[in-house]
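**Q** Next up, my_file_38.cif (mmCIF, C-alpha atoms and all ligand atoms).
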data_final
loop_
_atom_site.group_PDB
_atom_site.id
_atom_site.type_symbol
_atom_site.label_atom_id
_atom_site.label_comp_id
_atom_site.auth_asym_id
_atom_site.auth_seq_id
_atom_site.Cartn_x
_atom_site.Cartn_y
_atom_site.Cartn_z
ATOM 1 C CA MET A 23 29.154 -23.670 22.739
ATOM 2 C CA LEU A 24 32.644 -24.583 21.492
ATOM 3 C CA ILE A 25 34.250 -21.140 21.598
ATOM 4 C CA LYS A 26 37.486 -21.137 23.555
ATOM 5 C CA GLY A 27 39.344 -18.217 25.040
ATOM 6 C CA ARG A 28 43.066 -17.522 25.328
ATOM 7 C CA ILE A 29 44.046 -16.232 28.744
ATOM 8 C CA PHE A 30 47.516 -15.376 29.990
ATOM 9 C CA ASP A 31 46.785 -14.986 33.678
ATOM 10 C CA ILE A 32 44.027 -15.307 36.253
ATOM 11 C CA GLN A 33 44.430 -13.458 39.557
ATOM 12 C CA SER A 34 42.021 -14.519 42.244
ATOM 13 C CA PHE A 35 42.400 -11.831 44.893
ATOM 14 C CA SER A 36 42.631 -8.578 42.943
ATOM 15 C CA LEU A 37 41.878 -5.455 44.924
ATOM 16 C CA HIS A 38 42.344 -2.672 42.356
ATOM 17 C CA ASP A 39 40.492 -3.854 39.245
ATOM 18 C CA GLY A 40 37.000 -2.815 40.276
ATOM 19 C CA PRO A 41 34.941 -2.768 43.464
ATOM 20 C CA GLY A 42 35.782 -5.175 46.278
ATOM 21 C CA CYS A 43 37.761 -8.391 46.049
ATOM 22 C CA ARG A 44 37.765 -9.685 42.458
ATOM 23 C CA THR A 45 38.996 -12.342 40.104
ATOM 24 C CA THR A 46 40.796 -10.697 37.193
ATOM 25 C CA ILE A 47 40.992 -12.552 33.889
ATOM 26 C CA PHE A 48 43.858 -11.350 31.685
ATOM 27 C CA MET A 49 42.888 -12.099 28.100
ATOM 28 C CA SER A 50 45.419 -12.460 25.295
ATOM 29 C CA GLY A 51 45.600 -10.274 22.211
ATOM 30 C CA CYS A 52 45.711 -6.498 21.875
ATOM 31 C CA PRO A 53 45.248 -4.189 18.867
ATOM 32 C CA LEU A 54 47.347 -1.482 20.560
ATOM 33 C CA LYS A 55 51.081 -1.725 21.025
ATOM 34 C CA CYS A 56 51.803 0.816 23.765
ATOM 35 C CA ARG A 57 55.534 1.337 24.037
ATOM 36 C CA TRP A 58 55.387 1.248 27.870
ATOM 37 C CA CYS A 59 53.068 -1.805 28.066
ATOM 38 C CA ALA A 60 53.314 -3.695 31.375
ATOM 39 C CA ASN A 61 51.904 -6.898 29.833
ATOM 40 C CA PRO A 62 53.625 -7.252 26.448
ATOM 41 C CA GLU A 63 53.164 -11.031 26.621
ATOM 42 C CA SER A 64 49.490 -10.321 25.903
ATOM 43 C CA TRP A 65 50.128 -8.863 22.449
ATOM 44 C CA ARG A 66 50.119 -12.148 20.637
ATOM 45 C CA SER A 67 48.348 -15.287 21.733
ATOM 46 C CA ASN A 68 51.367 -17.299 20.573
ATOM 47 C CA ASN A 69 54.338 -16.194 22.656
ATOM 48 C CA ILE A 70 57.296 -17.828 24.319
ATOM 49 C CA MET A 71 59.248 -16.109 27.085
ATOM 50 C CA PHE A 72 62.708 -16.922 28.402
ATOM 51 C CA SER A 73 63.725 -15.808 31.892
ATOM 52 C CA GLU A 74 67.487 -15.975 32.249
ATOM 53 C CA GLY A 75 67.237 -15.311 35.990
ATOM 54 C CA THR A 76 65.060 -18.404 36.476
ATOM 55 C CA CYS A 77 67.062 -20.641 34.146
ATOM 56 C CA LYS A 78 69.295 -23.258 35.852
ATOM 57 C CA TYR A 79 71.926 -23.465 33.096
ATOM 58 C CA ARG A 80 74.575 -22.230 35.544
ATOM 59 C CA SER A 81 73.852 -25.326 37.677
ATOM 60 C CA GLY A 82 74.310 -27.584 34.670
ATOM 61 C CA CYS A 83 70.695 -27.927 33.537
ATOM 62 C CA ASN A 84 70.229 -28.624 29.840
ATOM 63 C CA ILE A 85 66.952 -30.532 29.883
ATOM 64 C CA CYS A 86 65.602 -28.427 27.035
ATOM 65 C CA LYS A 87 68.639 -29.094 24.836
ATOM 66 C CA ASN A 88 67.046 -31.356 22.245
ATOM 67 C CA SER A 89 63.457 -30.230 22.671
ATOM 68 C CA CYS A 90 63.185 -27.937 19.664
ATOM 69 C CA THR A 91 62.917 -29.489 16.214
ATOM 70 C CA ARG A 92 62.665 -26.134 14.414
ATOM 71 C CA GLY A 93 66.050 -24.629 15.111
ATOM 72 C CA GLY A 94 64.577 -22.036 17.465
ATOM 73 C CA LEU A 95 66.769 -22.902 20.448
ATOM 74 C CA LYS A 96 70.554 -22.672 20.524
ATOM 75 C CA PHE A 97 73.083 -22.469 23.366
ATOM 76 C CA ASP A 98 75.963 -20.087 23.779
ATOM 77 C CA GLU A 99 79.488 -20.991 24.930
ATOM 78 C CA ASN A 100 78.295 -20.923 28.581
ATOM 79 C CA ASN A 101 75.386 -23.284 27.785
ATOM 80 C CA ARG A 102 72.921 -20.473 28.167
ATOM 81 C CA PRO A 103 69.770 -21.073 26.054
ATOM 82 C CA ILE A 104 69.239 -18.507 23.277
ATOM 83 C CA LEU A 105 65.887 -18.300 21.504
ATOM 84 C CA ASN A 106 65.492 -17.210 17.926
ATOM 85 C CA PHE A 107 62.230 -15.291 18.355
ATOM 86 C CA GLU A 108 61.697 -15.017 14.589
ATOM 87 C CA ILE A 109 61.481 -18.815 14.384
ATOM 88 C CA CYS A 110 59.510 -19.068 17.649
ATOM 89 C CA LYS A 111 56.793 -16.747 16.297
ATOM 90 C CA GLU A 112 55.710 -19.560 13.968
ATOM 91 C CA CYS A 113 55.874 -22.297 16.606
ATOM 92 C CA SER A 114 52.830 -24.423 17.358
ATOM 93 C CA ASP A 115 54.083 -27.090 19.787
ATOM 94 C CA PHE A 116 56.284 -25.145 22.237
ATOM 95 C CA ASN A 117 58.192 -28.295 23.060
ATOM 96 C CA CYS A 118 60.927 -26.272 24.763
ATOM 97 C CA ALA A 119 58.468 -24.894 27.342
ATOM 98 C CA ASN A 120 57.038 -28.369 27.905
ATOM 99 C CA ALA A 121 60.559 -29.668 28.546
ATOM 100 C CA CYS A 122 61.587 -26.986 31.059
ATOM 101 C CA TYR A 123 60.739 -27.975 34.653
ATOM 102 C CA TYR A 124 61.550 -24.568 36.000
ATOM 103 C CA ASP A 125 59.327 -22.305 33.904
ATOM 104 C CA ALA A 126 62.398 -20.492 32.588
ATOM 105 C CA LEU A 127 60.945 -21.189 29.156
ATOM 106 C CA LYS A 128 57.300 -20.348 29.413
ATOM 107 C CA TYR A 129 54.401 -20.343 27.005
ATOM 108 C CA CYS A 130 52.433 -17.161 27.637
ATOM 109 C CA SER A 131 48.807 -18.206 27.429
ATOM 110 C CA ARG A 132 46.411 -21.085 27.958
ATOM 111 C CA GLU A 133 43.198 -22.003 26.245
ATOM 112 C CA TYR A 134 40.035 -22.148 28.393
ATOM 113 C CA SER A 135 36.566 -23.408 27.615
ATOM 114 C CA ILE A 136 33.626 -21.324 28.815
ATOM 115 C CA GLU A 137 32.694 -24.091 31.249
ATOM 116 C CA GLY A 138 36.270 -24.329 32.551
ATOM 117 C CA LEU A 139 36.446 -20.609 33.208
ATOM 118 C CA MET A 140 32.986 -20.529 34.822
ATOM 119 C CA LYS A 141 34.086 -23.268 37.235
ATOM 120 C CA ILE A 142 36.997 -21.079 38.357
ATOM 121 C CA LEU A 143 34.704 -18.065 38.783
ATOM 122 C CA GLN A 144 32.146 -20.120 40.698
ATOM 123 C CA ARG A 145 34.919 -21.305 43.051
ATOM 124 C CA ASP A 146 36.274 -17.771 43.493
ATOM 125 C CA SER A 147 32.837 -16.251 44.062
ATOM 126 C CA ASN A 148 33.069 -17.525 47.654
ATOM 127 C CA ASN A 149 35.849 -14.964 48.207
ATOM 128 C CA TRP A 150 34.166 -11.967 46.627
ATOM 129 C CA ARG A 151 31.617 -11.236 49.342
ATOM 130 C CA GLY A 152 29.541 -8.011 49.121
ATOM 131 C CA ASN A 153 30.532 -5.956 46.105
ATOM 132 C CA GLY A 154 33.314 -8.077 44.534
ATOM 133 C CA GLY A 155 33.132 -9.931 41.251
ATOM 134 C CA VAL A 156 34.969 -10.643 38.029
ATOM 135 C CA THR A 157 37.058 -8.228 35.920
ATOM 136 C CA PHE A 158 38.046 -8.866 32.307
ATOM 137 C CA SER A 159 41.385 -7.309 31.505
ATOM 138 C CA GLY A 160 44.267 -7.962 29.168
ATOM 139 C CA GLY A 161 45.662 -7.414 26.662
ATOM 140 C CA GLU A 162 42.386 -6.198 25.270
ATOM 141 C CA PRO A 163 39.401 -8.366 26.253
ATOM 142 C CA LEU A 164 37.303 -6.996 23.357
ATOM 143 C CA MET A 165 39.618 -8.813 20.914
ATOM 144 C CA GLN A 166 38.029 -12.127 21.939
ATOM 145 C CA ASN A 167 34.544 -10.704 21.960
ATOM 146 C CA GLU A 168 32.618 -13.900 21.122
ATOM 147 C CA PHE A 169 34.134 -15.737 24.058
ATOM 148 C CA LEU A 170 33.819 -12.662 26.275
ATOM 149 C CA ILE A 171 30.107 -12.141 25.510
ATOM 150 C CA GLU A 172 29.269 -15.780 26.235
ATOM 151 C CA VAL A 173 31.159 -15.702 29.548
ATOM 152 C CA LEU A 174 29.565 -12.367 30.486
ATOM 153 C CA LYS A 175 26.086 -13.763 29.794
ATOM 154 C CA ARG A 176 26.802 -16.705 32.096
ATOM 155 C CA CYS A 177 28.115 -14.316 34.749
ATOM 156 C CA LYS A 178 24.918 -12.288 34.574
ATOM 157 C CA GLU A 179 22.812 -15.470 34.913
ATOM 158 C CA LYS A 180 24.734 -16.127 38.110
ATOM 159 C CA LYS A 181 24.347 -12.507 39.211
ATOM 160 C CA PHE A 182 28.127 -11.935 39.356
ATOM 161 C CA HIS A 183 29.255 -8.312 39.351
ATOM 162 C CA THR A 184 31.196 -7.738 36.104
ATOM 163 C CA ALA A 185 33.906 -5.217 35.238
ATOM 164 C CA ILE A 186 36.121 -4.567 32.242
ATOM 165 C CA GLU A 187 39.462 -2.825 31.718
ATOM 166 C CA THR A 188 39.552 -1.841 28.078
ATOM 167 C CA SER A 189 40.888 0.547 25.471
ATOM 168 C CA ALA A 190 37.425 0.467 23.790
ATOM 169 C CA TYR A 191 39.239 -0.124 20.506
ATOM 170 C CA GLN A 192 36.638 -2.264 18.774
ATOM 171 C CA ASP A 193 33.698 -1.906 16.346
ATOM 172 C CA THR A 194 30.940 0.070 18.024
ATOM 173 C CA ASP A 195 28.291 -2.668 17.634
ATOM 174 C CA ILE A 196 30.525 -5.206 19.353
ATOM 175 C CA PHE A 197 31.570 -2.736 22.027
ATOM 176 C CA ASN A 198 27.928 -1.875 22.813
ATOM 177 C CA GLU A 199 26.933 -5.516 22.929
ATOM 178 C CA VAL A 200 29.680 -6.309 25.427
ATOM 179 C CA MET A 201 28.820 -3.306 27.579
ATOM 180 C CA GLN A 202 25.214 -4.539 28.029
ATOM 181 C CA TYR A 203 26.612 -7.190 30.368
ATOM 182 C CA VAL A 204 29.133 -5.008 32.198
ATOM 183 C CA ASP A 205 28.520 -3.208 35.503
ATOM 184 C CA PHE A 206 31.779 -1.278 35.808
ATOM 185 C CA ALA A 207 34.332 -0.083 33.243
ATOM 186 C CA PHE A 208 37.786 1.421 33.300
ATOM 187 C CA ILE A 209 38.302 2.826 29.785
ATOM 188 C CA ASP A 210 41.824 3.955 28.940
ATOM 189 C CA ILE A 211 42.484 6.980 26.824
ATOM 190 C CA LYS A 212 46.219 7.342 26.367
ATOM 191 C CA HIS A 213 46.179 10.692 24.574
ATOM 192 C CA MET A 214 43.435 13.015 23.267
ATOM 193 C CA ASN A 215 45.407 13.896 20.143
ATOM 194 C CA ARG A 216 44.974 11.250 17.429
ATOM 195 C CA LYS A 217 48.471 11.689 15.969
ATOM 196 C CA ARG A 218 50.205 11.485 19.320
ATOM 197 C CA HIS A 219 48.018 8.512 20.240
ATOM 198 C CA LYS A 220 49.114 6.695 17.097
ATOM 199 C CA GLU A 221 52.802 7.482 17.631
ATOM 200 C CA LYS A 222 53.018 5.543 20.893
ATOM 201 C CA THR A 223 50.201 2.979 20.641
ATOM 202 C CA GLY A 224 50.222 2.193 16.922
ATOM 203 C CA VAL A 225 46.558 3.187 16.390
ATOM 204 C CA CYS A 226 44.524 6.420 16.225
ATOM 205 C CA ASN A 227 42.042 7.188 18.991
ATOM 206 C CA ASP A 228 38.969 7.949 16.797
ATOM 207 C CA ILE A 229 37.089 4.709 17.446
ATOM 208 C CA ILE A 230 37.939 4.888 21.164
ATOM 209 C CA LYS A 231 36.446 8.371 21.467
ATOM 210 C CA GLU A 232 33.444 7.419 19.337
ATOM 211 C CA ASN A 233 32.681 4.422 21.535
ATOM 212 C CA ILE A 234 32.885 6.498 24.700
ATOM 213 C CA VAL A 235 30.636 9.196 23.190
ATOM 214 C CA ASN A 236 28.108 6.564 22.084
ATOM 215 C CA LEU A 237 28.158 4.868 25.451
ATOM 216 C CA ALA A 238 27.407 8.198 27.140
ATOM 217 C CA LYS A 239 24.513 8.816 24.712
ATOM 218 C CA LEU A 240 23.067 5.373 25.341
ATOM 219 C CA GLN A 241 22.882 6.265 29.018
ATOM 220 C CA TRP A 242 24.494 2.957 29.907
ATOM 221 C CA ASP A 243 23.647 2.302 33.536
ATOM 222 C CA GLY A 244 27.036 1.018 34.705
ATOM 223 C CA ARG A 245 29.808 3.037 36.330
ATOM 224 C CA LEU A 246 32.448 4.408 33.952
ATOM 225 C CA VAL A 247 35.846 5.623 35.120
ATOM 226 C CA LEU A 248 38.120 6.983 32.391
ATOM 227 C CA ARG A 249 41.770 6.209 32.926
ATOM 228 C CA ILE A 250 44.996 7.779 31.701
ATOM 229 C CA PRO A 251 48.272 5.930 32.127
ATOM 230 C CA MET A 252 50.390 9.032 32.774
ATOM 231 C CA ILE A 253 53.602 8.747 30.777
ATOM 232 C CA GLY A 254 56.266 11.423 31.199
ATOM 233 C CA GLY A 255 57.110 13.171 27.923
ATOM 234 C CA PHE A 256 54.000 11.792 26.211
ATOM 235 C CA ASN A 257 50.678 12.805 27.734
ATOM 236 C CA ASP A 258 51.757 14.760 30.839
ATOM 237 C CA ASN A 259 51.008 18.195 29.430
ATOM 238 C CA ILE A 260 48.404 20.806 30.329
ATOM 239 C CA GLU A 261 46.928 20.851 26.833
ATOM 240 C CA ASN A 262 46.126 17.145 26.965
ATOM 241 C CA ILE A 263 44.509 17.542 30.377
ATOM 242 C CA HIS A 264 42.399 20.493 29.146
ATOM 243 C CA GLU A 265 41.258 18.464 26.145
ATOM 244 C CA THR A 266 40.383 15.531 28.405
ATOM 245 C CA ILE A 267 38.332 17.815 30.656
ATOM 246 C CA ASP A 268 36.452 19.263 27.644
ATOM 247 C CA PHE A 269 35.772 15.767 26.319
ATOM 248 C CA MET A 270 34.469 14.637 29.710
ATOM 249 C CA HIS A 271 32.212 17.678 30.104
ATOM 250 C CA CYS A 272 30.773 17.204 26.608
ATOM 251 C CA ASN A 273 29.861 13.624 27.481
ATOM 252 C CA ASP A 274 28.797 14.067 31.117
ATOM 253 C CA LEU A 275 31.653 11.897 32.361
ATOM 254 C CA VAL A 276 32.469 12.521 35.994
ATOM 255 C CA GLU A 277 35.298 10.215 37.077
ATOM 256 C CA ILE A 278 38.893 9.774 35.988
ATOM 257 C CA ASN A 279 41.838 7.755 37.270
ATOM 258 C CA LEU A 280 45.433 8.891 36.631
ATOM 259 C CA LEU A 281 47.821 5.941 36.695
ATOM 260 C CA PRO A 282 51.451 6.941 37.280
ATOM 261 C CA PHE A 283 54.003 5.360 34.939
ATOM 262 C CA HIS A 284 55.893 2.334 36.279
ATOM 263 C CA ARG A 285 58.431 -0.141 34.910
ATOM 264 C CA LEU A 286 56.934 -3.369 36.249
ATOM 265 C CA GLY A 287 56.781 -4.862 32.749
ATOM 266 C CA GLU A 288 60.387 -4.132 31.785
ATOM 267 C CA SER A 289 61.786 -7.629 32.379
ATOM 268 C CA LYS A 290 59.001 -9.156 30.275
ATOM 269 C CA TRP A 291 60.064 -7.094 27.246
ATOM 270 C CA ASN A 292 63.521 -8.622 27.576
ATOM 271 C CA GLN A 293 62.130 -12.132 28.102
ATOM 272 C CA LEU A 294 60.177 -11.769 24.854
ATOM 273 C CA GLY A 295 63.276 -10.648 22.991
ATOM 274 C CA ASN A 296 61.996 -7.083 22.539
ATOM 275 C CA LYS A 297 63.591 -3.752 23.283
ATOM 276 C CA TYR A 298 61.992 -1.688 26.068
ATOM 277 C CA GLU A 299 62.103 2.031 25.258
ATOM 278 C CA TYR A 300 61.228 3.311 28.730
ATOM 279 C CA SER A 301 64.211 2.128 30.805
ATOM 280 C CA THR A 302 65.365 5.685 31.408
ATOM 281 C CA CYS A 303 62.355 7.844 30.567
ATOM 282 C CA GLY A 304 58.603 8.071 31.166
ATOM 283 C CA ASP A 305 58.742 8.926 34.887
ATOM 284 C CA ILE A 306 56.088 11.280 36.073
ATOM 285 C CA ASP A 307 56.529 13.922 38.701
ATOM 286 C CA LYS A 308 54.235 13.547 41.753
ATOM 287 C CA ALA A 309 53.732 17.323 42.034
ATOM 288 C CA LEU A 310 52.629 17.457 38.389
ATOM 289 C CA LEU A 311 50.161 14.617 38.955
ATOM 290 C CA ASN A 312 48.730 16.486 41.934
ATOM 291 C CA LYS A 313 48.399 19.591 39.780
ATOM 292 C CA PHE A 314 46.492 17.616 37.126
ATOM 293 C CA GLN A 315 44.286 16.152 39.844
ATOM 294 C CA ASP A 316 43.468 19.676 41.057
ATOM 295 C CA MET A 317 42.601 20.719 37.496
ATOM 296 C CA PHE A 318 40.007 17.934 37.249
ATOM 297 C CA LEU A 319 38.656 18.583 40.744
ATOM 298 C CA GLU A 320 38.224 22.287 39.979
ATOM 299 C CA GLU A 321 36.038 21.204 37.066
ATOM 300 C CA GLU A 322 33.961 18.971 39.374
ATOM 301 C CA ILE A 323 35.390 15.786 37.911
ATOM 302 C CA ALA A 324 36.323 13.206 40.544
ATOM 303 C CA CYS A 325 39.974 12.449 39.938
ATOM 304 C CA TYR A 326 41.851 9.569 41.559
ATOM 305 C CA ILE A 327 45.579 8.872 41.457
ATOM 306 C CA GLY A 328 46.871 5.284 41.272
ATOM 307 C CA ASP A 329 44.913 2.827 43.371
ATOM 308 C CA ASP A 330 42.773 5.352 45.227
ATOM 309 C CA THR A 331 39.655 5.146 42.982
ATOM 310 C CA LEU A 332 36.625 5.653 45.200
ATOM 311 C CA GLY A 333 34.965 2.420 46.301
ATOM 312 C CA ILE A 334 37.753 0.225 44.956
HETATM 313 S S1 LIG B 401 59.084 -21.899 21.006
HETATM 314 FE FE1 LIG B 401 59.041 -23.563 19.492
HETATM 315 S S2 LIG B 401 60.490 -22.899 17.914
HETATM 316 FE FE2 LIG B 401 60.936 -21.680 19.732
HETATM 317 S S3 LIG B 401 62.517 -22.849 20.808
HETATM 318 FE FE3 LIG B 401 60.556 -23.457 21.679
HETATM 319 S S4 LIG B 401 59.989 -25.310 20.537
HETATM 320 FE FE4 LIG B 401 61.581 -24.236 19.343
HETATM 321 S S1 LIG B 402 65.357 -26.722 30.891
HETATM 322 FE FE1 LIG B 402 64.754 -24.661 31.583
HETATM 323 S S2 LIG B 402 66.093 -24.299 33.343
HETATM 324 FE FE2 LIG B 402 67.033 -25.981 32.158
HETATM 325 S S3 LIG B 402 68.460 -24.991 30.763
HETATM 326 FE FE3 LIG B 402 66.525 -25.229 29.650
HETATM 327 S S4 LIG B 402 65.478 -23.267 30.021
HETATM 328 FE FE4 LIG B 402 67.096 -23.397 31.536
#
What would the structure in this file look like if it were written as structure tokens?
**A**
Amino acid sequence: MLIKGRIFDIQSFSLHDGPGCRTTIFMSGCPLKCRWCANPESWRSNNIMFSEGTCKYRSGCNICKNSCTRGGLKFDENNRPILNFEICKECSDFNCANACYYDALKYCSREYSIEGLMKILQRDSNNWRGNGGVTFSGGEPLMQNEFLIEVLKRCKEKKFHTAIETSAYQDTDIFNEVMQYVDFAFIDIKHMNRKRHKEKTGVCNDIIKENIVNLAKLQWDGRLVLRIPMIGGFNDNIENIHETIDFMHCNDLVEINLLPFHRLGESKWNQLGNKYEYSTCGDIDKALLNKFQDMFLEEEIACYIGDDTLGI
């Protein structure tokens, strides 16, 4: 099978992406564009990042100076490299990143064959012990569904425990096919209201809800934990929590994870030449989170905050 996958990171000792110790595969591409995204380098499979803090131009480095033949790289009066991201979007050779020893200029993803990735998982499986395994995250892993399904099938042949972190934003047939090979799922729902969902993610939530409803009807035998990234001023209101509770009751869903907003991705927005909207907003009050947790618990829905998901 010649399908290849684009992956922007592989973390071998993940402790919060499913049960036990896991290898998390961060797959490139995402149909959503959440304005607070912590992994914006995943949005496109063809991305260059520039980290000024890592760059050695202050020490006289200019190794990358003549690397770009497209006019994408210039230097300011202090010899600081400046990328023209409009030109870089169309790049196919990324010669500047190849030239930079220090990873200040960095290409965001790598291509993997199925065999290459399985070798890494086989190696890592020695660390997983008991209930660990592999988690497919992103970006949105369902974007590369052909590659994902083939890798998942191989994982099942090897009896690896499989998990996915997904927005479920994909055609229902594809989503259901993927889920056949998945033991554990975190499915994000950023907002119950379709208009509000679209405002901050770029897409409506209809297909996401439909896929969750269908999965519940199919009586899929894995473990499903819904997840809300809690963003101050966006989804941190009682009405949204009530709607989430109703939706969960209607579909016999019993677990939810509230993830408090953080700014860990902020520097990456800058490195990609994009403006980050959440530098001074989005924070979520701990007392409010606790109140939301109580609301779910009162409705007999197990509700976890941050990394405290049961069994993870
Ligand atoms: S990513 Fe491509 S176009 Fe942009 S500076 Fe590097 S080599 Fe030039
Ligand atoms: S080669 Fe890398 S470290 Fe040196 S100036 Fe270019 S980007 Fe900076």
**Q** Near Asn106 in chain A, within 8 Å and counting only C-alpha atoms, which residues show up once chain neighbours fewer than 3 positions away are dropped, as a PyMOL selection string?
**A** chain A and resi 93-96+109-110
**Q** Counting all atoms listed in the file, figure out which residue out of A:Asp31, A:Asp330, A:Glu108, A:Glu74 gets nearest to ligand LIG 401 (chain B).
**A** A:Glu108
**Q** Per residue of chain A within 8 Å of ligand LIG 402 (chain B), which atom pair is closest and at what distance in Å (one decimal), using all atoms listed in the file, listed by chain and increasing number, as CSV?
**A**
residue,atom,partner,partner_atom,distance
A:Phe72,CA,B:LIG402,S4,7.1
A:Ser73,CA,B:LIG402,S4,7.9
A:Glu74,CA,B:LIG402,FE4,7.5
A:Thr76,CA,B:LIG402,S2,6.8
A:Cys77,CA,B:LIG402,FE4,3.8
A:Lys78,CA,B:LIG402,S2,4.2
A:Tyr79,CA,B:LIG402,S3,4.4
A:Gly82,CA,B:LIG402,S3,7.5
A:Cys83,CA,B:LIG402,FE2,4.4
A:Asn84,CA,B:LIG402,S3,4.1
A:Ile85,CA,B:LIG402,S1,4.3
A:Cys86,CA,B:LIG402,S1,4.2
A:Lys87,CA,B:LIG402,FE3,6.5
A:Asn101,CA,B:LIG402,S3,7.7
A:Arg102,CA,B:LIG402,S3,6.9
A:Pro103,CA,B:LIG402,S4,6.2
A:Cys118,CA,B:LIG402,FE3,7.5
A:Ala119,CA,B:LIG402,FE1,7.6
A:Ala121,CA,B:LIG402,S1,6.1
A:Cys122,CA,B:LIG402,S1,3.8
A:Tyr123,CA,B:LIG402,FE1,6.0
A:Tyr124,CA,B:LIG402,S2,5.3
A:Asp125,CA,B:LIG402,FE1,6.4
A:Ala126,CA,B:LIG402,S4,4.9
A:Leu127,CA,B:LIG402,S4,5.1
**Q** Quick one: of A:His38, A:Arg285, A:Lys55, A:Lys111, who's nearest to ligand LIG 401 (chain B), counting all atoms listed in the file?
**A**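 Of A:His38, A:Arg285, A:Lys55, A:Lys111, the one nearest ligand LIG 401 (chain B) is A:Lys111, counting all atoms listed in the file.
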**Q** When you look at Glu187 in chain A with a cut-off of 9 Å (counting only C-alpha atoms), what residues show up, excluding the ones that are within fewer than 4 positions of it in the same chain? I need them as a ChimeraX atom specification.
**A** /A:39-40,157-160,162-163,206-210
**Q** Skipping near chain neighbours, those fewer than 2 positions away, what residues fall within 10 Å of Asn273 in chain A using all atoms listed in the file, listed as number ranges by chain?
**A** A: 234-239, 267-271, 275-276
**Q** As a ChimeraX atom specification, please: the residues near range 167-179 of chain A (cut-off 12 Å, all atoms listed in the file, same-chain neighbours under 6 positions excluded).
**A** /A:23-29,47-52,133-144,147,155-160,185-186,188,190-193,195-205
**Q** Could the residues in this selection be saved with C-alpha atoms as a PDB file, in the coordinates of the input?
**A**
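Final output, saved to part15.pdb:
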ATOM      1  CA  MET A  23      29.154 -23.670  22.739  1.00  0.00           C
ATOM      2  CA  LEU A  24      32.644 -24.583  21.492  1.00  0.00           C
ATOM      3  CA  ILE A  25      34.250 -21.140  21.598  1.00  0.00           C
ATOM      4  CA  LYS A  26      37.486 -21.137  23.555  1.00  0.00           C
ATOM      5  CA  GLY A  27      39.344 -18.217  25.040  1.00  0.00           C
ATOM      6  CA  ARG A  28      43.066 -17.522  25.328  1.00  0.00           C
ATOM      7  CA  ILE A  29      44.046 -16.232  28.744  1.00  0.00           C
ATOM      8  CA  ILE A  47      40.992 -12.552  33.889  1.00  0.00           C
ATOM      9  CA  PHE A  48      43.858 -11.350  31.685  1.00  0.00           C
ATOM     10  CA  MET A  49      42.888 -12.099  28.100  1.00  0.00           C
ATOM     11  CA  SER A  50      45.419 -12.460  25.295  1.00  0.00           C
ATOM     12  CA  GLY A  51      45.600 -10.274  22.211  1.00  0.00           C
ATOM     13  CA  CYS A  52      45.711  -6.498  21.875  1.00  0.00           C
ATOM     14  CA  GLU A 133      43.198 -22.003  26.245  1.00  0.00           C
ATOM     15  CA  TYR A 134      40.035 -22.148  28.393  1.00  0.00           C
ATOM     16  CA  SER A 135      36.566 -23.408  27.615  1.00  0.00           C
ATOM     17  CA  ILE A 136      33.626 -21.324  28.815  1.00  0.00           C
ATOM     18  CA  GLU A 137      32.694 -24.091  31.249  1.00  0.00           C
ATOM     19  CA  GLY A 138      36.270 -24.329  32.551  1.00  0.00           C
ATOM     20  CA  LEU A 139      36.446 -20.609  33.208  1.00  0.00           C
ATOM     21  CA  MET A 140      32.986 -20.529  34.822  1.00  0.00           C
ATOM     22  CA  LYS A 141      34.086 -23.268  37.235  1.00  0.00           C
ATOM     23  CA  ILE A 142      36.997 -21.079  38.357  1.00  0.00           C
ATOM     24  CA  LEU A 143      34.704 -18.065  38.783  1.00  0.00           C
ATOM     25  CA  GLN A 144      32.146 -20.120  40.698  1.00  0.00           C
ATOM     26  CA  SER A 147      32.837 -16.251  44.062  1.00  0.00           C
ATOM     27  CA  GLY A 155      33.132  -9.931  41.251  1.00  0.00           C
ATOM     28  CA  VAL A 156      34.969 -10.643  38.029  1.00  0.00           C
ATOM     29  CA  THR A 157      37.058  -8.228  35.920  1.00  0.00           C
ATOM     30  CA  PHE A 158      38.046  -8.866  32.307  1.00  0.00           C
ATOM     31  CA  SER A 159      41.385  -7.309  31.505  1.00  0.00           C
ATOM     32  CA  GLY A 160      44.267  -7.962  29.168  1.00  0.00           C
ATOM     33  CA  ALA A 185      33.906  -5.217  35.238  1.00  0.00           C
ATOM     34  CA  ILE A 186      36.121  -4.567  32.242  1.00  0.00           C
ATOM     35  CA  THR A 188      39.552  -1.841  28.078  1.00  0.00           C
ATOM     36  CA  ALA A 190      37.425   0.467  23.790  1.00  0.00           C
ATOM     37  CA  TYR A 191      39.239  -0.124  20.506  1.00  0.00           C
ATOM     38  CA  GLN A 192      36.638  -2.264  18.774  1.00  0.00           C
ATOM     39  CA  ASP A 193      33.698  -1.906  16.346  1.00  0.00           C
ATOM     40  CA  ASP A 195      28.291  -2.668  17.634  1.00  0.00           C
ATOM     41  CA  ILE A 196      30.525  -5.206  19.353  1.00  0.00           C
ATOM     42  CA  PHE A 197      31.570  -2.736  22.027  1.00  0.00           C
ATOM     43  CA  ASN A 198      27.928  -1.875  22.813  1.00  0.00           C
ATOM     44  CA  GLU A 199      26.933  -5.516  22.929  1.00  0.00           C
ATOM     45  CA  VAL A 200      29.680  -6.309  25.427  1.00  0.00           C
ATOM     46  CA  MET A 201      28.820  -3.306  27.579  1.00  0.00           C
ATOM     47  CA  GLN A 202      25.214  -4.539  28.029  1.00  0.00           C
ATOM     48  CA  TYR A 203      26.612  -7.190  30.368  1.00  0.00           C
ATOM     49  CA  VAL A 204      29.133  -5.008  32.198  1.00  0.00           C
ATOM     50  CA  ASP A 205      28.520  -3.208  35.503  1.00  0.00           C
TER      51      ASP A 205
END
